[in-house]
$ cat input-v3.cif   # mmCIF, C-alpha atoms
data_start
loop_
_atom_site.group_PDB
_atom_site.id
_atom_site.type_symbol
_atom_site.label_atom_id
_atom_site.label_comp_id
_atom_site.auth_asym_id
_atom_site.auth_seq_id
_atom_site.Cartn_x
_atom_site.Cartn_y
_atom_site.Cartn_z
ATOM 1 C CA MET A 190 58.369 140.839 77.048
ATOM 2 C CA ILE A 191 57.672 139.621 73.516
ATOM 3 C CA HIS A 192 59.757 136.603 72.542
ATOM 4 C CA LEU A 193 60.422 136.432 68.842
ATOM 5 C CA ASN A 194 62.492 133.268 69.113
ATOM 6 C CA LYS A 195 60.883 130.125 67.863
ATOM 7 C CA ILE A 196 61.518 126.794 69.550
ATOM 8 C CA ARG A 197 61.655 123.929 67.054
ATOM 9 C CA SER A 198 63.431 120.663 66.413
ATOM 10 C CA ALA A 199 67.083 121.032 65.444
ATOM 11 C CA ARG A 200 68.008 120.689 61.783
ATOM 12 C CA ARG A 201 71.241 119.811 60.036
ATOM 13 C CA GLY A 202 71.665 123.494 59.116
ATOM 14 C CA ASP A 203 71.707 124.441 62.854
ATOM 15 C CA LEU A 204 74.605 122.154 63.737
ATOM 16 C CA ALA A 205 77.471 124.582 63.080
ATOM 17 C CA GLN A 206 75.851 127.162 65.353
ATOM 18 C CA VAL A 207 75.136 124.603 68.089
ATOM 19 C CA VAL A 208 78.782 123.472 67.913
ATOM 20 C CA GLU A 209 79.870 127.113 68.202
ATOM 21 C CA ILE A 210 77.594 127.850 71.205
ATOM 22 C CA ASP A 211 78.765 124.692 72.984
ATOM 23 C CA ALA A 212 82.413 125.532 72.215
ATOM 24 C CA ARG A 213 82.004 129.020 73.650
ATOM 25 C CA ILE A 214 80.557 127.570 76.843
ATOM 26 C CA THR A 215 82.849 124.566 77.303
ATOM 27 C CA GLY A 216 85.953 125.654 75.396
ATOM 28 C CA LEU A 217 85.827 122.473 73.276
ATOM 29 C CA ARG A 218 84.636 122.074 69.687
ATOM 30 C CA LYS A 219 82.868 118.734 69.252
ATOM 31 C CA PRO A 220 81.383 118.625 65.720
ATOM 32 C CA ALA A 221 81.355 114.804 65.543
ATOM 33 C CA TYR A 222 79.599 114.567 68.897
ATOM 34 C CA TRP A 223 76.879 117.030 67.832
ATOM 35 C CA ALA A 224 76.431 115.281 64.480
ATOM 36 C CA GLY A 225 75.827 112.096 66.486
ATOM 37 C CA ILE A 226 73.355 113.913 68.767
ATOM 38 C CA LEU A 227 71.435 115.149 65.715
ATOM 39 C CA ARG A 228 71.360 111.594 64.304
ATOM 40 C CA ARG A 229 70.149 110.049 67.548
ATOM 41 C CA TYR A 230 67.954 112.826 68.974
ATOM 42 C CA GLY A 231 66.881 114.801 65.939
ATOM 43 C CA GLY A 232 65.122 111.902 64.249
ATOM 44 C CA ARG A 233 61.720 110.351 64.531
ATOM 45 C CA ASP A 234 62.042 108.628 67.902
ATOM 46 C CA PRO A 235 59.130 110.230 69.812
ATOM 47 C CA SER A 236 60.896 109.991 73.168
ATOM 48 C CA ARG A 237 64.056 111.859 72.085
ATOM 49 C CA PHE A 238 64.322 115.625 71.696
ATOM 50 C CA PHE A 239 66.921 118.005 70.300
ATOM 51 C CA LEU A 240 65.358 121.466 70.274
ATOM 52 C CA VAL A 241 66.754 124.862 69.380
ATOM 53 C CA SER A 242 65.583 128.384 70.081
ATOM 54 C CA ALA A 243 66.081 130.329 66.863
ATOM 55 C CA LEU A 244 65.563 133.906 65.767
ATOM 56 C CA GLU A 245 65.053 133.462 62.041
ATOM 57 C CA GLU A 246 68.128 131.389 61.134
ATOM 58 C CA GLU A 247 70.218 132.360 64.154
ATOM 59 C CA VAL A 248 70.293 129.717 66.886
ATOM 60 C CA GLN A 249 70.192 131.291 70.358
ATOM 61 C CA GLY A 250 70.273 128.081 72.360
ATOM 62 C CA TYR A 251 69.619 124.350 72.422
ATOM 63 C CA VAL A 252 68.399 121.595 74.697
ATOM 64 C CA VAL A 253 68.786 117.826 74.363
ATOM 65 C CA GLY A 254 66.977 115.128 76.281
ATOM 66 C CA GLU A 255 64.844 112.019 76.254
ATOM 67 C CA VAL A 256 62.365 109.976 78.208
ATOM 68 C CA ARG A 257 64.067 106.945 79.698
ATOM 69 C CA ASP A 258 62.387 103.987 81.312
ATOM 70 C CA TRP A 259 63.762 102.355 84.429
ATOM 71 C CA GLU A 260 67.273 103.739 84.110
ATOM 72 C CA PHE A 261 69.120 103.511 87.438
ATOM 73 C CA GLY A 262 66.035 101.862 88.921
ATOM 74 C CA SER A 263 63.985 104.995 88.377
ATOM 75 C CA ALA A 264 60.425 105.037 87.056
ATOM 76 C CA PRO A 265 60.176 106.557 83.546
ATOM 77 C CA CYS A 266 61.208 110.206 83.585
ATOM 78 C CA GLY A 267 62.590 112.892 81.325
ATOM 79 C CA TRP A 268 66.346 113.456 81.270
ATOM 80 C CA VAL A 269 67.933 116.691 80.115
ATOM 81 C CA PHE A 270 71.447 115.890 78.887
ATOM 82 C CA GLY A 271 72.496 119.317 77.747
ATOM 83 C CA ILE A 272 71.314 122.888 77.577
ATOM 84 C CA GLY A 273 73.210 125.903 76.276
ATOM 85 C CA VAL A 274 72.459 129.511 75.415
ATOM 86 C CA ARG A 275 74.570 131.912 73.374
ATOM 87 C CA PRO A 276 76.365 134.031 76.038
ATOM 88 C CA GLU A 277 75.156 137.347 74.564
ATOM 89 C CA SER A 278 71.542 136.081 74.521
ATOM 90 C CA ARG A 279 71.405 135.180 78.221
ATOM 91 C CA LEU A 280 69.060 136.712 80.795
ATOM 92 C CA ARG A 281 66.287 136.922 78.199
ATOM 93 C CA GLY A 282 64.464 133.753 79.196
ATOM 94 C CA THR A 283 65.837 131.596 76.362
ATOM 95 C CA GLY A 284 67.015 128.813 78.680
ATOM 96 C CA THR A 285 63.751 128.913 80.608
ATOM 97 C CA ARG A 286 61.691 128.577 77.408
ATOM 98 C CA LEU A 287 63.886 125.754 76.108
ATOM 99 C CA LEU A 288 63.505 123.877 79.382
ATOM 100 C CA GLU A 289 59.735 124.507 79.390
ATOM 101 C CA ALA A 290 59.505 123.216 75.820
ATOM 102 C CA ILE A 291 61.316 119.970 76.547
ATOM 103 C CA CYS A 292 59.333 119.507 79.785
ATOM 104 C CA THR A 293 56.108 119.923 77.787
ATOM 105 C CA ALA A 294 57.371 117.271 75.359
ATOM 106 C CA PHE A 295 58.217 114.976 78.299
ATOM 107 C CA ARG A 296 54.739 115.472 79.805
ATOM 108 C CA ARG A 297 53.177 114.521 76.477
ATOM 109 C CA ARG A 298 55.113 111.251 76.729
ATOM 110 C CA GLY A 299 53.378 110.671 80.073
ATOM 111 C CA VAL A 300 56.161 111.394 82.578
ATOM 112 C CA GLN A 301 55.898 113.630 85.606
ATOM 113 C CA THR A 302 59.535 114.161 86.542
ATOM 114 C CA VAL A 303 62.510 115.735 84.812
ATOM 115 C CA ARG A 304 66.094 115.062 85.873
ATOM 116 C CA THR A 305 69.528 116.183 84.873
ATOM 117 C CA LEU A 306 73.106 115.536 85.955
ATOM 118 C CA LEU A 307 75.916 118.029 85.896
ATOM 119 C CA ALA A 308 79.312 118.783 87.332
ATOM 120 C CA ARG A 309 79.045 120.222 90.831
ATOM 121 C CA ASP A 310 81.454 123.027 89.916
ATOM 122 C CA ASN A 311 79.193 124.142 87.056
ATOM 123 C CA ALA A 312 77.717 126.901 89.212
ATOM 124 C CA LEU A 313 76.082 128.787 86.337
ATOM 125 C CA VAL A 314 74.010 125.898 85.002
ATOM 126 C CA LEU A 315 73.340 124.520 88.494
ATOM 127 C CA ALA A 316 71.936 127.921 89.497
ATOM 128 C CA PHE A 317 69.823 127.955 86.328
ATOM 129 C CA PHE A 318 68.255 124.565 87.057
ATOM 130 C CA ARG A 319 67.737 125.555 90.700
ATOM 131 C CA SER A 320 65.965 128.735 89.578
ATOM 132 C CA GLN A 321 63.636 126.513 87.547
ATOM 133 C CA GLY A 322 62.534 124.705 90.696
ATOM 134 C CA MET A 323 64.799 121.662 90.416
ATOM 135 C CA MET A 324 66.051 120.130 93.663
ATOM 136 C CA ALA A 325 68.587 117.391 94.438
ATOM 137 C CA ALA A 326 67.290 114.030 93.194
ATOM 138 C CA PRO A 327 67.259 110.968 95.449
ATOM 139 C CA PHE A 328 70.299 109.547 93.591
ATOM 140 C CA ILE A 329 74.044 109.826 94.067
ATOM 141 C CA ALA A 330 76.413 109.762 91.106
ATOM 142 C CA LEU A 331 79.484 107.584 91.767
ATOM 143 C CA GLU A 332 82.662 106.924 89.808
ATOM 144 C CA ARG A 333 86.170 105.476 90.097
ATOM 145 C CA ASP A 334 89.345 105.510 88.062
ATOM 146 C CA LEU A 335 89.786 102.575 85.665
ATOM 147 C CA MET B 16 70.429 129.493 110.225
ATOM 148 C CA LEU B 17 69.500 132.805 111.850
ATOM 149 C CA ALA B 18 71.656 134.734 109.369
ATOM 150 C CA LEU B 19 70.131 132.904 106.389
ATOM 151 C CA CYS B 20 66.564 133.396 107.593
ATOM 152 C CA GLY B 21 67.330 137.015 108.474
ATOM 153 C CA VAL B 22 68.753 137.815 105.034
ATOM 154 C CA LEU B 23 65.819 136.037 103.392
ATOM 155 C CA GLU B 24 63.359 138.080 105.483
ATOM 156 C CA PHE B 25 65.023 141.262 104.215
ATOM 157 C CA ALA B 26 65.293 140.009 100.620
ATOM 158 C CA ALA B 27 61.595 139.037 100.601
ATOM 159 C CA GLN B 28 60.657 142.660 101.342
ATOM 160 C CA PRO B 29 63.438 144.666 99.717
ATOM 161 C CA GLY B 30 61.762 148.052 100.050
ATOM 162 C CA ARG B 31 60.809 147.556 103.662
ATOM 163 C CA GLN B 32 62.889 148.296 106.673
ATOM 164 C CA LEU B 33 62.684 145.651 109.387
ATOM 165 C CA SER B 34 63.778 146.030 112.959
ATOM 166 C CA ALA B 35 66.148 143.564 114.587
ATOM 167 C CA ALA B 36 63.556 143.064 117.335
ATOM 168 C CA GLU B 37 60.922 142.021 114.763
ATOM 169 C CA ILE B 38 63.175 139.305 113.328
ATOM 170 C CA ALA B 39 64.482 138.225 116.733
ATOM 171 C CA GLY B 40 60.883 137.795 117.898
ATOM 172 C CA LYS B 41 59.883 135.797 114.835
ATOM 173 C CA TYR B 42 62.763 133.324 115.173
ATOM 174 C CA GLY B 43 62.943 133.238 118.947
ATOM 175 C CA ALA B 44 66.508 134.600 118.895
ATOM 176 C CA SER B 45 68.188 136.843 121.405
ATOM 177 C CA PRO B 46 68.166 140.459 120.105
ATOM 178 C CA HIS B 47 71.767 140.806 121.291
ATOM 179 C CA HIS B 48 72.905 137.806 119.202
ATOM 180 C CA LEU B 49 70.900 138.998 116.191
ATOM 181 C CA ALA B 50 72.468 142.460 116.449
ATOM 182 C CA LYS B 51 75.904 140.836 116.122
ATOM 183 C CA VAL B 52 74.736 138.781 113.120
ATOM 184 C CA LEU B 53 73.254 141.864 111.435
ATOM 185 C CA GLY B 54 76.450 143.814 112.085
ATOM 186 C CA ARG B 55 78.450 141.237 110.148
ATOM 187 C CA LEU B 56 75.892 141.141 107.340
ATOM 188 C CA ARG B 57 76.030 144.934 107.167
ATOM 189 C CA ARG B 58 79.824 144.918 106.938
ATOM 190 C CA ALA B 59 79.542 142.334 104.134
ATOM 191 C CA GLY B 60 77.207 144.700 102.245
ATOM 192 C CA LEU B 61 74.185 142.407 102.398
ATOM 193 C CA VAL B 62 72.030 144.657 104.583
ATOM 194 C CA LYS B 63 72.016 148.368 105.255
ATOM 195 C CA ALA B 64 71.245 149.990 108.571
ATOM 196 C CA ALA B 65 68.388 152.406 108.030
ATOM 197 C CA ARG B 66 68.389 155.753 109.782
ATOM 198 C CA GLY B 67 65.380 157.641 111.042
ATOM 199 C CA SER B 68 62.594 156.833 113.397
ATOM 200 C CA GLY B 69 62.604 153.209 114.424
ATOM 201 C CA GLY B 70 65.873 152.453 112.649
ATOM 202 C CA GLY B 71 66.119 148.889 111.440
ATOM 203 C CA TYR B 72 67.699 147.275 108.417
ATOM 204 C CA ARG B 73 66.912 146.639 104.788
ATOM 205 C CA PHE B 74 68.324 144.382 102.098
ATOM 206 C CA SER B 75 71.093 145.896 100.001
ATOM 207 C CA GLY B 76 72.203 142.993 97.805
ATOM 208 C CA ASN B 77 70.915 141.551 94.538
ATOM 209 C CA ALA B 78 68.629 138.610 95.340
ATOM 210 C CA LYS B 79 69.199 137.180 91.859
ATOM 211 C CA ARG B 80 72.956 137.088 92.413
ATOM 212 C CA VAL B 81 73.558 136.551 96.140
ATOM 213 C CA THR B 82 73.748 132.840 96.957
ATOM 214 C CA LEU B 83 73.331 130.986 100.233
ATOM 215 C CA LEU B 84 77.094 130.432 100.130
ATOM 216 C CA ASP B 85 77.703 134.200 100.027
ATOM 217 C CA VAL B 86 75.736 134.552 103.258
ATOM 218 C CA ILE B 87 77.284 131.528 104.978
ATOM 219 C CA ALA B 88 80.786 132.642 103.962
ATOM 220 C CA VAL B 89 80.316 135.775 106.080
ATOM 221 C CA PHE B 90 80.355 133.527 109.136
ATOM 222 C CA GLU B 91 82.240 130.349 108.270
ATOM 223 C CA THR B 92 84.273 128.533 105.649
ATOM 224 C CA VAL B 93 82.439 126.008 103.511
ATOM 225 C CA GLY B 94 84.418 123.697 101.286
ATOM 226 C CA PRO B 95 87.732 121.912 101.190
ATOM 227 C CA LYS B 96 89.982 122.438 104.170
ATOM 228 C CA ALA B 97 93.713 122.925 103.695
ATOM 229 C CA PRO B 98 95.374 119.511 103.367
ATOM 230 C CA ARG B 99 97.096 118.267 106.501
ATOM 231 C CA ALA B 100 100.439 116.536 106.692
ATOM 232 C CA PRO B 101 100.481 112.808 105.714
ATOM 233 C CA ARG B 102 98.945 110.759 108.503
ATOM 234 C CA ARG B 103 97.471 107.350 109.106
ATOM 235 C CA GLU B 104 95.597 105.813 106.193
ATOM 236 C CA LEU B 105 92.299 105.607 108.129
ATOM 237 C CA GLU B 106 92.428 109.348 108.813
ATOM 238 C CA ARG B 107 93.129 109.998 105.153
ATOM 239 C CA ALA B 108 90.154 107.860 104.163
ATOM 240 C CA VAL B 109 87.851 109.687 106.597
ATOM 241 C CA ASP B 110 89.158 113.034 105.290
ATOM 242 C CA GLN B 111 88.383 111.921 101.739
ATOM 243 C CA VAL B 112 84.735 111.195 102.587
ATOM 244 C CA LEU B 113 84.385 114.424 104.571
ATOM 245 C CA ALA B 114 85.830 116.360 101.623
ATOM 246 C CA GLU B 115 83.200 114.729 99.392
ATOM 247 C CA ILE B 116 80.444 115.953 101.728
ATOM 248 C CA ASP B 117 81.983 119.448 101.896
ATOM 249 C CA ALA B 118 82.193 119.678 98.098
ATOM 250 C CA THR B 119 78.542 118.674 97.739
ATOM 251 C CA ALA B 120 77.479 121.168 100.415
ATOM 252 C CA ARG B 121 79.462 123.931 98.741
ATOM 253 C CA ALA B 122 77.943 123.140 95.323
ATOM 254 C CA THR B 123 74.451 123.187 96.834
ATOM 255 C CA PHE B 124 74.901 126.461 98.707
ATOM 256 C CA SER B 125 76.578 128.178 95.763
ATOM 257 C CA SER B 126 73.846 127.175 93.307
ATOM 258 C CA ILE B 127 70.901 128.570 95.268
ATOM 259 C CA THR B 128 70.349 132.311 95.065
ATOM 260 C CA LEU B 129 68.193 134.170 97.567
ATOM 261 C CA GLU B 130 65.566 134.608 94.851
ATOM 262 C CA THR B 131 65.495 130.840 94.220
ATOM 263 C CA MET B 132 65.297 130.246 97.971
ATOM 264 C CA LEU B 133 62.290 132.563 98.230
ATOM 265 C CA LYS B 134 60.642 130.630 95.368
ATOM 266 C CA ILE B 135 61.268 127.359 97.260
ATOM 267 C CA ALA B 136 59.720 128.879 100.387
ATOM 268 C CA ARG B 137 56.593 129.979 98.475
ATOM 269 C CA ARG B 138 56.159 126.653 96.694
ATOM 270 C CA PRO B 139 53.381 124.384 97.982
ATOM 271 C CA LYS B 140 54.666 121.651 100.271
ATOM 272 C CA ALA B 141 55.643 118.385 98.512
ATOM 273 C CA ALA B 142 53.266 115.476 98.994
ATOM 274 C CA PRO B 143 54.246 113.134 101.856
ATOM 275 C CA GLY B 144 56.724 110.473 100.774
ATOM 276 C CA ARG B 145 58.055 112.565 97.881
ATOM 277 C CA GLU B 146 61.761 113.079 98.425
ATOM 278 C CA SER B 147 63.248 116.211 97.002
#

$ encode --input "input-v3.cif" --output "structure tokens"
Amino acid sequence: MIHLNKIRSARRGDLAQVVEIDARITGLRKPAYWAGILRRYGGRDPSRFFLVSALEEEVQGYVVGEVRDWEFGSAPCGWVFGIGVRPESRLRGTGTRLLEAICTAFRRRGVQTVRTLLARDNALVLAFFRSQGMMAAPFIALERDL
Amino acid sequence: MLALCGVLEFAAQPGRQLSAAEIAGKYGASPHHLAKVLGRLRRAGLVKAARGSGGGYRFSGNAKRVTLLDVIAVFETVGPKAPRAPRRELERAVDQVLAEIDATARATFSSITLETMLKIARRPKAAPGRES
């Protein structure tokens, strides 16, 4: 299959489409949040990544992540904070290529492991990460009401 | 375990028809027990009994869609149990932790398709000491 989509760093002009894709997936529009993500992850920090898969000017999907050192007692590794693909563009390898792209960027920063954290009832995205070879990490997420 | 391995054997060779005896032999299971397991999998639409010489079964699901939970659910319930009447606080606390384990198990089983499971099986073994 020939992939015409290009994976590149997100730009200000992509934000409205990223907000729309995220809103279609989560049911919530978060323009301020995504503007903040672009500020923090779309800049020059070489360990932070906000990538989009775009067909000409149409954004098909996005991925956000960074290399973090010694968080939660873990040796430096790549963290994927969010990944989303336009529902009508799924099953075409867009998510796989976005994940590969950010993993390549993580490897260039010298890390050998990629991690993510997501809700256990998010079966769709859990199944996606599983299909990419990810297994349960040796960590347990805990919380309590405040 | 036998049902999961059986379904995975069929899913790994979707075009091939395997006999119950072949799988029973491979996993050291009683053919009688395996026949019962395969009967339930057939009724759930996961395998098809093949006619003709030798008989046997073949996979009839979609390995990209069928999850481990779909297979397990043919035989048992995984996940939160119906809440019981108010009881002692220690029992409630134990129930809460058990529910946590059940929810994690359910999320794990429902996120792994047969295709992903076959990929895991084909992957080289992790180096010793590497938890995964």

$ resolve_selection --input "input-v3.cif" --expression "the PyMOL selection byres ((chain A) within 7 of (chain B))" --output "list in words"
Arg309, Asp310, Ala312, Leu315, Ala316, Arg319, Ser320, Met324, Ala325, Ala326 and Pro327 of chain A

$ resolve_selection --input "input-v3.cif" --expression "the PyMOL selection byres ((chain B and resi 73) around 10)" --output "count of residues only"
23

$ residues_around --input "input-v3.cif" --residues "Arg304 (chain A)" --least-positions-apart "6" --cutoff "7 Å" --atoms "only C-alpha atoms" --output "PyMOL selection string"
chain A and resi 267-269

$ atom_distance --input "input-v3.cif" --atom1 "CA of Phe238 (chain A)" --atom2 "CA of Phe295 (chain A)"
9.0 Å

$ resolve_selection --input "input-v3.cif" --expression "the PyMOL selection byres ((chain A and resi 204) around 10)" --output "count of residues only"
17

$ atom_distance --input "input-v3.cif" --atom1 "CA of Arg279 (chain A)" --atom2 "CA of Phe239 (chain A)"
19.4 Å

$ closest_residue --input "input-v3.cif" --among "A:Leu331, A:Leu288, A:Ala308, A:Ala212" --to "Ile196 (chain A)" --atoms "all atoms listed in the file"
A:Leu288
